[in-house]
Every structure is written in structure tokens, then in C-alpha cells.
$ cat run06.cif   # mmCIF, C-alpha atoms and all ligand atoms
data_coords
loop_
_atom_site.label_atom_id
_atom_site.label_comp_id
_atom_site.auth_asym_id
_atom_site.auth_seq_id
_atom_site.Cartn_x
_atom_site.Cartn_y
_atom_site.Cartn_z
CA MET A 913 -7.57 19.74 -16.68
CA LYS A 914 -6.93 23.13 -15.05
CA ILE A 915 -5.35 22.95 -11.60
CA THR A 916 -4.94 25.91 -9.30
CA PHE A 917 -2.76 26.01 -6.20
CA ASN A 918 -0.35 28.20 -4.27
CA ILE A 919 3.29 27.34 -4.75
CA ASN A 920 5.95 29.02 -2.62
CA GLY A 921 3.38 31.63 -1.68
CA GLU A 922 2.28 32.45 -5.24
CA PRO A 923 -1.03 31.47 -6.83
CA ARG A 924 -0.54 29.45 -10.01
CA SER A 925 -2.87 27.76 -12.48
CA ILE A 926 -1.76 25.14 -14.94
CA ASP A 927 -3.38 23.02 -17.62
CA THR A 928 -2.18 19.48 -17.30
CA ASP A 929 -3.15 15.83 -17.24
CA GLY A 930 -4.56 15.43 -13.74
CA GLU A 931 -2.89 12.04 -13.35
CA ALA A 932 0.58 13.40 -14.20
CA PRO A 933 3.01 13.39 -11.28
CA LEU A 934 3.11 16.78 -9.57
CA LEU A 935 6.90 16.56 -9.89
CA TRP A 936 6.61 16.93 -13.67
CA VAL A 937 4.30 19.90 -13.31
CA ILE A 938 6.71 21.59 -10.92
CA ARG A 939 9.83 20.94 -12.97
CA ASP A 940 8.58 21.11 -16.55
CA GLY A 941 5.40 23.17 -16.21
CA LEU A 942 6.60 25.74 -13.68
CA ASN A 943 10.30 25.47 -14.40
CA LEU A 944 11.23 24.99 -10.75
CA LYS A 945 14.15 22.62 -11.14
CA GLY A 946 15.26 22.36 -7.51
CA THR A 947 13.06 19.34 -6.87
CA LYS A 948 14.76 16.28 -8.32
CA TYR A 949 13.69 13.09 -10.04
CA GLY A 950 15.46 10.07 -8.58
CA CYS A 951 13.57 6.80 -8.74
CA GLY A 952 10.07 7.76 -9.83
CA LYS A 953 8.58 5.21 -7.48
CA ALA A 954 8.43 6.99 -4.12
CA ALA A 955 11.48 5.14 -2.87
CA CYS A 956 14.34 7.67 -2.72
CA GLY A 957 12.84 10.98 -1.57
CA ALA A 958 14.70 13.17 -4.10
CA CYS A 959 11.35 14.66 -5.15
CA THR A 960 10.17 15.57 -1.62
CA ILE A 961 8.06 18.70 -1.35
CA HIS A 962 5.53 19.95 1.22
CA VAL A 963 1.81 19.87 0.50
CA ASP A 964 -0.20 21.71 3.15
CA GLY A 965 2.83 21.40 5.39
CA MET A 966 3.17 17.62 5.05
CA GLN A 967 6.08 16.04 3.20
CA VAL A 968 5.04 14.32 0.01
CA ARG A 969 6.99 12.46 -2.65
CA SER A 970 5.89 14.36 -5.68
CA CYS A 971 6.79 11.65 -8.20
CA SER A 972 3.91 9.66 -6.76
CA TYR A 973 1.42 12.46 -6.23
CA PRO A 974 -1.07 13.08 -9.04
CA ALA A 975 -1.28 16.73 -10.04
CA LYS A 976 -5.07 16.73 -9.61
CA PHE A 977 -4.63 16.33 -5.83
CA ALA A 978 -2.77 19.65 -5.69
CA GLU A 979 -5.98 21.58 -6.43
CA GLY A 980 -6.40 24.29 -3.79
CA LYS A 981 -3.32 23.17 -1.86
CA GLU A 982 -0.40 25.11 -0.39
CA ILE A 983 2.80 23.72 -1.93
CA THR A 984 6.37 24.44 -0.89
CA THR A 985 9.43 23.36 -2.85
CA ILE A 986 13.08 23.85 -1.98
CA GLU A 987 12.93 27.23 -3.78
CA GLY A 988 10.37 28.41 -1.23
CA LEU A 989 12.00 27.09 1.93
CA SER A 990 13.80 30.34 2.74
CA GLN A 991 11.99 33.54 3.64
CA GLY A 992 13.40 35.86 0.98
CA ASP A 993 17.09 36.22 1.75
CA ASN A 994 16.70 34.61 5.17
CA LEU A 995 17.78 31.03 4.83
CA HIS A 996 15.77 28.38 6.61
CA PRO A 997 17.75 26.93 9.56
CA VAL A 998 18.02 23.67 7.63
CA GLN A 999 19.65 25.43 4.67
CA GLN A 1000 22.04 27.31 6.95
CA ALA A 1001 22.98 24.15 8.81
CA TRP A 1002 23.55 22.36 5.47
CA ILE A 1003 25.98 25.09 4.44
CA ASP A 1004 27.70 25.15 7.84
CA GLU A 1005 28.23 21.38 7.85
CA VAL A 1006 29.16 21.26 4.13
CA VAL A 1007 26.73 18.40 3.66
CA PRO A 1008 26.39 17.91 -0.11
CA GLN A 1009 28.64 15.73 -2.19
CA CYS A 1010 27.15 15.64 -5.69
CA GLY A 1011 24.10 17.42 -4.28
CA TYR A 1012 21.42 15.63 -6.26
CA CYS A 1013 19.52 14.20 -3.29
CA GLN A 1014 19.98 17.20 -1.02
CA PRO A 1015 16.84 19.27 -1.77
CA GLY A 1016 14.75 16.24 -0.90
CA PHE A 1017 16.66 15.69 2.35
CA MET A 1018 16.32 19.36 3.30
CA MET A 1019 12.58 19.31 2.71
CA ALA A 1020 12.27 16.09 4.72
CA THR A 1021 14.33 17.61 7.53
CA ALA A 1022 12.26 20.82 7.58
CA ALA A 1023 9.13 18.65 7.92
CA LEU A 1024 10.76 16.68 10.74
CA LEU A 1025 11.76 19.77 12.72
CA LYS A 1026 8.25 21.14 12.48
CA GLU A 1027 6.93 18.02 14.23
CA ILE A 1028 9.93 17.22 16.44
CA PRO A 1029 11.91 20.42 17.10
CA ASN A 1030 14.67 18.60 18.95
CA PRO A 1031 15.02 15.18 17.30
CA THR A 1032 17.09 12.37 18.75
CA ASP A 1033 19.25 10.16 16.55
CA GLU A 1034 16.45 7.60 16.69
CA ASP A 1035 13.90 10.17 15.52
CA ILE A 1036 16.22 11.00 12.65
CA ASP A 1037 16.70 7.33 11.73
CA ASN A 1038 12.98 6.71 11.75
CA ASN A 1039 11.77 9.84 10.01
CA ILE A 1040 14.51 10.63 7.50
CA ILE A 1041 14.55 7.65 5.16
CA ASN A 1042 15.55 9.34 1.91
CA VAL A 1043 18.43 7.86 -0.05
CA CYS A 1044 21.80 9.51 -0.76
CA ARG A 1045 23.99 7.63 -3.20
CA CYS A 1046 27.02 9.63 -2.07
CA ALA A 1047 26.34 8.48 1.49
CA THR A 1048 26.44 11.89 3.12
CA TYR A 1049 24.36 10.55 6.00
CA TYR A 1050 26.94 11.29 8.67
CA ARG A 1051 27.18 14.97 7.76
CA MET A 1052 23.43 15.16 7.38
CA ARG A 1053 22.89 13.89 10.90
CA LYS A 1054 25.18 16.62 12.22
CA ALA A 1055 23.38 19.20 10.11
CA ILE A 1056 19.97 18.09 11.34
CA HIS A 1057 21.05 18.56 14.97
CA LYS A 1058 22.60 21.90 14.04
CA ALA A 1059 19.41 23.01 12.26
CA ALA A 1060 17.42 22.17 15.40
CA ALA A 1061 19.79 24.32 17.45
CA LEU A 1062 19.63 27.21 14.93
CA ALA A 1063 15.82 27.08 14.87
CA LYS A 1064 15.79 27.35 18.65
CA GLN A 1065 17.97 30.47 18.49
CA ASN A 1066 15.57 32.02 16.05
CA PRO A 1067 12.13 30.52 16.73
CA SER A 1068 10.39 32.59 14.03
CA GLU A 1069 12.07 30.58 11.28
CA MET B 81 -20.55 -57.44 -47.01
CA ASN B 82 -23.38 -59.31 -45.34
CA THR B 83 -21.00 -60.93 -42.90
CA LYS B 84 -19.58 -57.53 -41.98
CA LYS B 85 -23.09 -56.16 -41.35
CA THR B 86 -23.95 -59.12 -39.14
CA LEU B 87 -20.77 -58.71 -37.08
CA TYR B 88 -21.42 -54.98 -36.65
CA ALA B 89 -25.04 -55.62 -35.48
CA LEU B 90 -23.78 -58.25 -33.05
CA PHE B 91 -21.19 -55.80 -31.60
CA LEU B 92 -23.81 -53.08 -31.20
CA GLY B 93 -26.15 -55.52 -29.48
CA ILE B 94 -23.48 -56.54 -26.96
CA CYS B 95 -22.74 -52.88 -26.17
CA LEU B 96 -26.39 -52.01 -25.68
CA SER B 97 -27.18 -54.98 -23.51
CA SER B 98 -24.19 -54.35 -21.24
CA LEU B 99 -25.33 -50.73 -20.87
CA ILE B 100 -28.84 -51.87 -19.88
CA LEU B 101 -27.44 -54.44 -17.47
CA TRP B 102 -25.09 -51.83 -15.89
CA SER B 103 -27.80 -49.18 -15.48
CA SER B 104 -30.27 -51.72 -14.11
CA ASP B 105 -28.08 -52.02 -10.98
CA ASP B 106 -29.39 -48.65 -9.83
CA PRO B 107 -32.37 -47.51 -11.84
CA THR B 108 -32.33 -44.08 -10.17
CA ALA B 109 -28.71 -43.28 -11.03
CA SER B 110 -27.93 -41.19 -14.08
CA PRO B 111 -25.50 -43.01 -16.34
CA SER B 112 -23.28 -39.91 -16.52
CA ALA B 113 -23.18 -39.16 -12.74
CA GLU B 114 -19.69 -39.26 -11.24
CA PRO B 115 -19.01 -39.69 -7.56
CA PRO B 116 -18.22 -36.26 -5.97
CA THR B 117 -14.47 -35.77 -5.67
CA GLU B 118 -14.41 -32.42 -3.79
CA THR B 119 -16.11 -31.39 -0.62
CA LYS B 120 -17.70 -27.94 -0.92
CA GLU B 121 -15.68 -25.11 0.63
CA THR B 122 -17.40 -23.54 3.61
CA PRO B 123 -17.91 -19.78 3.95
CA PHE B 124 -15.15 -19.86 6.59
CA ASP B 125 -12.75 -21.51 4.13
CA LEU B 126 -13.49 -18.97 1.42
CA MET B 127 -13.17 -16.03 3.78
CA MET B 128 -9.86 -17.27 5.18
CA GLN B 129 -8.38 -17.85 1.72
CA VAL B 130 -8.67 -14.09 1.31
CA LEU B 131 -7.65 -13.00 4.79
CA THR B 132 -4.45 -15.07 4.65
CA HIS B 133 -3.53 -13.75 1.20
CA GLN B 134 -0.64 -11.28 1.01
CA ARG B 135 -2.97 -8.48 -0.15
CA CYS B 136 -4.38 -8.58 3.39
CA VAL B 137 -1.44 -9.85 5.44
CA ASN B 138 1.01 -7.24 4.10
CA CYS B 139 -0.86 -4.61 6.13
CA HIS B 140 -1.45 -6.90 9.12
CA PRO B 141 2.26 -7.70 9.60
CA ALA B 142 4.07 -9.10 12.58
CA GLY B 143 6.33 -6.35 13.83
CA ASP B 144 6.20 -2.71 13.09
CA ARG B 145 6.66 -2.29 9.37
CA PRO B 146 4.47 -3.03 6.37
CA ARG B 147 5.28 -5.87 4.01
CA LYS B 148 5.39 -5.19 0.34
CA GLY B 149 4.68 -6.97 -2.89
CA ASP B 150 3.50 -10.42 -3.81
CA ASP B 151 6.48 -11.88 -1.92
CA SER B 152 5.73 -9.82 1.23
CA HIS B 153 9.23 -8.44 1.51
CA ILE B 154 10.32 -5.63 3.77
CA THR B 155 12.53 -2.72 2.76
CA ARG B 156 13.91 0.03 4.91
CA ALA B 157 13.32 2.71 2.31
CA LEU B 158 9.63 1.86 2.11
CA GLY B 159 9.16 0.47 5.57
CA ILE B 160 7.86 3.37 7.60
CA PRO B 161 7.04 2.19 11.13
CA ARG B 162 3.42 1.87 12.17
CA GLY B 163 3.47 4.80 14.60
CA ASN B 164 0.77 5.43 17.17
CA ASP B 165 -2.24 5.29 14.89
CA GLY B 166 -1.09 3.00 12.08
CA HIS B 167 -0.47 5.96 9.76
CA GLY B 168 3.28 6.26 10.26
CA LEU B 169 5.38 8.74 12.18
CA GLN B 170 5.16 12.43 12.95
CA SER B 171 6.80 13.77 9.83
CA ILE B 172 6.78 10.79 7.53
CA SER B 173 3.52 8.96 7.18
CA CYS B 174 1.72 6.63 4.80
CA GLY B 175 0.48 9.78 3.03
CA THR B 176 4.04 10.79 2.14
CA CYS B 177 3.91 8.22 -0.66
CA HIS B 178 0.37 6.79 -0.78
CA THR B 179 -2.76 8.66 -1.82
CA THR B 180 -6.39 7.55 -1.91
CA GLU B 181 -5.91 5.73 -5.20
CA ASN B 182 -3.42 3.55 -7.04
CA ASN B 183 -0.76 5.46 -8.92
CA ASP B 184 0.09 3.91 -12.27
CA TYR B 185 3.03 6.27 -12.85
CA SER B 186 4.97 5.25 -9.76
CA GLY B 187 3.36 1.88 -9.09
CA VAL B 188 2.54 3.02 -5.56
CA PRO B 189 -0.73 1.51 -4.36
CA GLY B 190 -3.37 3.65 -2.70
CA ALA B 191 -6.85 3.59 -1.21
CA PRO B 192 -8.77 5.73 1.27
CA ASP B 193 -7.37 5.52 4.81
CA TRP B 194 -4.20 3.70 3.72
CA ALA B 195 -2.73 2.45 7.00
CA LEU B 196 -1.37 -0.50 8.90
CA ALA B 197 -3.70 -2.55 11.06
CA PRO B 198 -3.12 -2.10 14.79
CA GLU B 199 -0.59 -4.36 16.47
CA SER B 200 -3.41 -6.28 18.20
CA MET B 201 -4.53 -7.34 14.72
CA THR B 202 -1.26 -8.93 13.58
CA TRP B 203 -2.08 -11.80 11.20
CA GLU B 204 1.30 -12.67 9.77
CA GLY B 205 2.41 -16.08 11.04
CA LYS B 206 -0.97 -16.90 12.61
CA THR B 207 -3.25 -19.81 11.74
CA ARG B 208 -6.71 -19.31 10.24
CA VAL B 209 -8.30 -20.13 13.57
CA GLU B 210 -6.05 -17.69 15.45
CA ILE B 211 -6.83 -14.94 12.95
CA ALA B 212 -10.57 -15.55 13.24
CA GLU B 213 -10.46 -15.61 17.05
CA GLN B 214 -8.48 -12.39 17.11
CA MET B 215 -10.76 -10.74 14.56
CA MET B 216 -13.89 -11.49 16.57
CA ASP B 217 -12.39 -10.59 19.97
CA PRO B 218 -13.48 -7.05 20.94
CA GLN B 219 -10.46 -6.81 23.23
CA ARG B 220 -8.22 -7.03 20.19
CA ASN B 221 -10.38 -5.84 17.29
CA GLY B 222 -10.91 -2.31 18.55
CA GLY B 223 -14.18 -3.10 20.33
CA LYS B 224 -16.00 -4.12 17.15
CA SER B 225 -19.21 -6.19 17.14
CA PRO B 226 -19.66 -9.00 14.61
CA GLN B 227 -21.84 -6.66 12.53
CA GLU B 228 -19.11 -4.03 12.53
CA ILE B 229 -16.54 -6.63 11.51
CA MET B 230 -18.84 -7.67 8.68
CA LYS B 231 -19.14 -4.06 7.56
CA HIS B 232 -15.37 -3.60 7.70
CA LEU B 233 -14.70 -6.73 5.66
CA THR B 234 -17.42 -6.21 3.07
CA GLU B 235 -17.57 -2.42 2.66
CA HIS B 236 -14.32 -0.75 3.73
CA GLU B 237 -12.57 0.59 0.63
CA LEU B 238 -9.15 -0.34 1.97
CA VAL B 239 -10.22 -3.99 2.35
CA LEU B 240 -11.92 -4.09 -1.05
CA TRP B 241 -8.78 -2.59 -2.61
CA ALA B 242 -7.47 -6.18 -2.55
CA TRP B 243 -9.47 -6.74 -5.77
CA GLU B 244 -8.25 -3.52 -7.38
CA PRO B 245 -4.56 -3.72 -6.41
CA GLY B 246 -3.25 -1.95 -9.50
CA ILE B 247 0.22 -2.35 -10.96
CA ASP B 248 3.59 -2.37 -9.27
CA ALA B 249 6.64 -0.23 -10.05
CA GLU B 250 7.55 -2.57 -12.94
CA GLY B 251 4.09 -2.08 -14.40
CA LEU B 252 3.05 -5.64 -13.55
CA PRO B 253 -0.40 -6.29 -12.09
CA ARG B 254 -0.43 -7.25 -8.42
CA GLU B 255 -1.89 -10.63 -7.57
CA LYS B 256 -5.51 -10.63 -6.41
CA PRO B 257 -6.90 -12.93 -3.70
CA PRO B 258 -7.88 -16.40 -4.91
CA VAL B 259 -11.61 -15.83 -4.23
CA SER B 260 -13.68 -13.25 -6.12
CA LYS B 261 -14.87 -10.13 -4.31
CA LYS B 262 -18.50 -11.20 -4.73
CA ASP B 263 -17.88 -14.68 -3.32
CA PHE B 264 -15.82 -13.24 -0.45
CA ILE B 265 -18.56 -10.81 0.54
CA THR B 266 -21.18 -13.57 0.37
CA ALA B 267 -18.97 -15.89 2.43
CA VAL B 268 -18.33 -13.27 5.14
CA LYS B 269 -22.04 -12.46 5.41
CA GLU B 270 -23.01 -16.13 5.56
CA TRP B 271 -20.34 -16.93 8.15
CA ILE B 272 -21.36 -14.07 10.43
CA ALA B 273 -25.10 -14.64 9.93
CA SER B 274 -24.69 -18.27 10.94
CA GLY B 275 -23.00 -17.34 14.22
CA ALA B 276 -19.37 -16.82 13.15
CA ILE B 277 -18.49 -20.36 14.16
CA ILE B 278 -14.74 -20.90 14.19
CA PRO B 279 -13.93 -24.52 13.33
CA GLU B 280 -11.72 -26.61 15.59
CA ALA B 281 -8.04 -26.09 14.79
S1 LIG C 1 11.92 10.42 -7.32
FE1 LIG C 1 10.27 10.49 -5.96
S2 LIG C 1 10.91 9.27 -4.35
FE2 LIG C 1 12.47 8.97 -5.80
S1 LIG C 2 24.96 14.01 -2.29
FE1 LIG C 2 25.05 12.77 -4.04
S2 LIG C 2 23.27 11.58 -3.91
FE2 LIG C 2 23.32 12.60 -2.04
#
$ encode --input "run06.cif" --output "C-alpha cells"
Amino acid sequence: MKITFNINGEPRSIDTDGEAPLLWVIRDGLNLKGTKYGCGKAACGACTIHVDGMQVRSCSYPAKFAEGKEITTIEGLSQGDNLHPVQQAWIDEVVPQCGYCQPGFMMATAALLKEIPNPTDEDIDNNIINVCRCATYYRMRKAIHKAAALAKQNPSE
Amino acid sequence: MNTKKTLYALFLGICLSSLILWSSDDPTASPSAEPPTETKETPFDLMMQVLTHQRCVNCHPAGDRPRKGDDSHITRALGIPRGNDGHGLQSISCGTCHTTENNDYSGVPGAPDWALAPESMTWEGKTRVEIAEQMMDPQRNGGKSPQEIMKHLTEHELVLWAWEPGIDAEGLPREKPPVSKKDFITAVKEWIASGAIIPEA
């Protein structure tokens, strides 16, 4: 079936099996490889994207549901050359180890800060439940607080 | 040969006469009737077999997180707290992983309005009588009348999902409740129509 949506601000149409995971469409159909495949069963969060501003695990999201939606992947998180506060904080705190899980964590964090601009540790524990096999959780926590502070300095981001 | 025939006729005669004698004890009884061994399950019994099944209880858990699977386990990675409205938290909600239908690729179940029941409708660890009392109590059931409860149990897609539970992440079909959807719906309607009597504990 033909599915039409906006991805990272650009209109795209693609012919695909409507039941196929949106993750496959994004990676293999649109060649956007930033979003990762981890578990394939909505358990790890490596494939997290935003659909109409809400975080979604794209390995468990049929492509047909993307029709007419606004989709953001890690490639679209920044505004041109202006990094999103989450990306800047991730660089500042040198968060990644192997890096595989990190796009998913950054997308989950961006979604969190939109709802809770100044999250407590408890908010982070409850809302960020992705999995990092390199256990970079400690640095991530610091980066999430830093991203909240950066976003406050520059509220337009 | 003749002796054999005579013996055979004699044996047949004995069998027949004992059958006549036996049935003459109660001329109204059918020779094949067996005494009933099971008492018929009441509509309440049938309804509660479903409501206490894990397909229902997993989303009516004690505590704040959904149960998962046929063994009703809890995992942190998949255990998003109930939140204020049963749909999860501000940035991570049921809809982060679940859609309005089962997903055979990921094994993630789905149905319209996928959510946890409110805390006042915790069923896990409760008896059948406690569940029924709670379900019919407007203070705890969200102010629902018996008719509204009937509608919820017999028409809500999330409830009826129990009979279309799909496959899990290993590709194995999830267990369905032990009573068919048709019999469950009939039982609920009969129980409510006859006054929603909750038996003594
Ligand atoms: S790959 Fe989607 S949650 Fe793990
Ligand atoms: S940095 Fe390696 S899995 Fe998270």
C-alpha cells in the first residue's frame, strides 16, 4: 500500500506492506539509519522515534499507522546546524560508549523534556526506561539534567 | 452342534430376563440414563472464570504496573506505571509500544483504548466475590450502573480482546479464557438481568 507522511519536515510517500514495522520503512525504505534495531519487540527503545510528537517504538508500529503523521527521527532532532539541547548535552557529558542505543535514548529524552522541562531523578527513572547494554545510565542522567538546563537557556529549542 | 445352540439360547434368555427384571424396577427410567455427576455452572461461575483469568487480571493488577504474559510476570522494561489516567506517564505511555491492534511482528498486543484499569478496580489477589462486589460498586467502578457494566463487559473492544489475544514475542499464541466469548456474553447478560446476585463467599 502507498503511505504518505512527513518525516523530519519533508513529505514522503512510500509503497510498502502496511503491516511492516515503520522502523524497516525508515531504515531500509528511506535510508535513514540513525534509528536502530535492538530487540524488535518494543522492549529496549533503540528504535524510538516521535510520531505526532509522542515517542513510539517503531519496531512495533505498523507502517500503515504513519499515514498523514508527522514523524521525527534522530536525523531530524536538530534544527539545521543547531543541535537540540539533548544532543548538545550528550556531547558535553560524553555519554555514548558503543553508541548503539543512544539515538533511542536521545529521542526518549527529547520527548520527556517536552512534557517535563525540569525532570527530577524520579521522573527520569519512570519515563526513561530504554536499555543500554554498555550501562551508560549514570552519564545519561547527568546529560538529561544538563539538557534541561540548556533548554531553559534557549527556550526556542 | 445342537447342544451348543441350546446353551447359547439359554444364555441369551438369562440376559434378556435380567434386563427386563432390572428395568421393571423403574418403568419410567431409560436404561441408558446415568445419574448426573456435575452440577451446572451458573452464569456467575462462567463470568468469573473469565474475569479471574490472566487475560483480564494482567490489566487489573495490584500495584502500579501491568502484568505480562500467561504467567503474569512483571518487568521493568515493559512495566510503565499506571499514571493518572491508566495510560502511563507524561512522555512514555501505553501508546509508546501498543497500538489499536495486535502486532504479529513484535508480539506486542494491542486493542483500542489499551490501558490499565483504575486502582479502585484492582482484581489481582481478590476473591470472585470481592471482584464482583467491587465491579458493581459505583464508588469504585467509576460510577457505572449495572447496565453500563454489562455494556463494558460484553461490548468493549479491550475486554473482548481477551478472545483475540494474538501471539507473543516468541510467536506463540496467548492463552484465551476458559469460557468462549459467546458463553461469557450470555452469562454476563443473564447474571445482570437476574439481579446481579453475588453468591455468599
Ligand atoms: S528495537 Fe524497538 S524497542 Fe527494541
Ligand atoms: S552505549 Fe552501548 S548500548 Fe548503550
$ residues_around --input "run06.cif" --residues "region 232-247 of chain B" --least-positions-apart "4" --cutoff "9 Å" --atoms "all atoms listed in the file" --output "PyMOL selection string"
chain B and resi 130+135-136+182-184+187-195+227-228+251-257+260-261+264-266+268-269
$ atom_distance --input "run06.cif" --atom1 "CA of Ile160 (chain B)" --atom2 "atom FE2 of ligand LIG 1 (chain C)"
15.2 Å
$ interface_residues --input "run06.cif" --of "chain B" --to "chain A" --cutoff "12 Å" --atoms "only C-alpha atoms" --output "PDB file with C-alpha atoms, in the coordinates of the input"
ATOM      1  CA  ASP B 144       6.200  -2.710  13.090  1.00  0.00           C
ATOM      2  CA  ARG B 145       6.660  -2.290   9.370  1.00  0.00           C
ATOM      3  CA  THR B 155      12.530  -2.720   2.760  1.00  0.00           C
ATOM      4  CA  ARG B 156      13.910   0.030   4.910  1.00  0.00           C
ATOM      5  CA  ALA B 157      13.320   2.710   2.310  1.00  0.00           C
ATOM      6  CA  LEU B 158       9.630   1.860   2.110  1.00  0.00           C
ATOM      7  CA  GLY B 159       9.160   0.470   5.570  1.00  0.00           C
ATOM      8  CA  ILE B 160       7.860   3.370   7.600  1.00  0.00           C
ATOM      9  CA  PRO B 161       7.040   2.190  11.130  1.00  0.00           C
ATOM     10  CA  ARG B 162       3.420   1.870  12.170  1.00  0.00           C
ATOM     11  CA  GLY B 163       3.470   4.800  14.600  1.00  0.00           C
ATOM     12  CA  GLY B 168       3.280   6.260  10.260  1.00  0.00           C
ATOM     13  CA  LEU B 169       5.380   8.740  12.180  1.00  0.00           C
ATOM     14  CA  GLN B 170       5.160  12.430  12.950  1.00  0.00           C
ATOM     15  CA  SER B 171       6.800  13.770   9.830  1.00  0.00           C
ATOM     16  CA  ILE B 172       6.780  10.790   7.530  1.00  0.00           C
ATOM     17  CA  SER B 173       3.520   8.960   7.180  1.00  0.00           C
ATOM     18  CA  CYS B 174       1.720   6.630   4.800  1.00  0.00           C
ATOM     19  CA  GLY B 175       0.480   9.780   3.030  1.00  0.00           C
ATOM     20  CA  THR B 176       4.040  10.790   2.140  1.00  0.00           C
ATOM     21  CA  CYS B 177       3.910   8.220  -0.660  1.00  0.00           C
ATOM     22  CA  HIS B 178       0.370   6.790  -0.780  1.00  0.00           C
ATOM     23  CA  THR B 179      -2.760   8.660  -1.820  1.00  0.00           C
ATOM     24  CA  THR B 180      -6.390   7.550  -1.910  1.00  0.00           C
ATOM     25  CA  GLU B 181      -5.910   5.730  -5.200  1.00  0.00           C
ATOM     26  CA  ASN B 182      -3.420   3.550  -7.040  1.00  0.00           C
ATOM     27  CA  ASN B 183      -0.760   5.460  -8.920  1.00  0.00           C
ATOM     28  CA  ASP B 184       0.090   3.910 -12.270  1.00  0.00           C
ATOM     29  CA  TYR B 185       3.030   6.270 -12.850  1.00  0.00           C
ATOM     30  CA  SER B 186       4.970   5.250  -9.760  1.00  0.00           C
ATOM     31  CA  GLY B 187       3.360   1.880  -9.090  1.00  0.00           C
ATOM     32  CA  VAL B 188       2.540   3.020  -5.560  1.00  0.00           C
ATOM     33  CA  PRO B 189      -0.730   1.510  -4.360  1.00  0.00           C
ATOM     34  CA  GLY B 190      -3.370   3.650  -2.700  1.00  0.00           C
ATOM     35  CA  ILE B 247       0.220  -2.350 -10.960  1.00  0.00           C
ATOM     36  CA  ASP B 248       3.590  -2.370  -9.270  1.00  0.00           C
ATOM     37  CA  ALA B 249       6.640  -0.230 -10.050  1.00  0.00           C
ATOM     38  CA  GLU B 250       7.550  -2.570 -12.940  1.00  0.00           C
ATOM     39  CA  GLY B 251       4.090  -2.080 -14.400  1.00  0.00           C
TER      40      GLY B 251
END
$ residues_near_ligand --input "run06.cif" --ligand "ligand LIG 2 (chain C)" --cutoff "12 Å" --atoms "all atoms listed in the file" --output "ChimeraX atom specification"
/A:948-951,956-958,1002,1006-1018,1042-1052
$ closest_residue --input "run06.cif" --among "B:Ala142, B:Leu131, B:Ile277, B:Leu126" --to "Gly205 (chain B)" --atoms "all atoms listed in the file"
B:Ala142
$ atom_distance --input "run06.cif" --atom1 "CA of His996 (chain A)" --atom2 "CA of Asn164 (chain B)"
29.4 Å
$ atom_distance --input "run06.cif" --atom1 "CA of Gly222 (chain B)" --atom2 "CA of Lys206 (chain B)"
18.6 Å
$ axis_aligned_box --input "run06.cif" --around "region 1051-1054 of chain A" --padding-each-side "6 Å" --output "JSON"
{"center_x": 25.0, "center_y": 15.3, "center_z": 9.8, "size_x": 16.3, "size_y": 14.7, "size_z": 16.8}
$ residues_around --input "run06.cif" --residues "Thr122 (chain B)" --least-positions-apart "3" --cutoff "12 Å" --atoms "all atoms listed in the file" --output "PyMOL selection string"
chain B and resi 118-119+125-129+263-264+266-268+270-271+274+276-279
$ closest_residue --input "run06.cif" --among "A:Gly980, A:Cys959, A:Pro1031, A:Ser990" --to "ligand LIG 1 (chain C)" --atoms "only C-alpha atoms and all ligand atoms"
A:Cys959
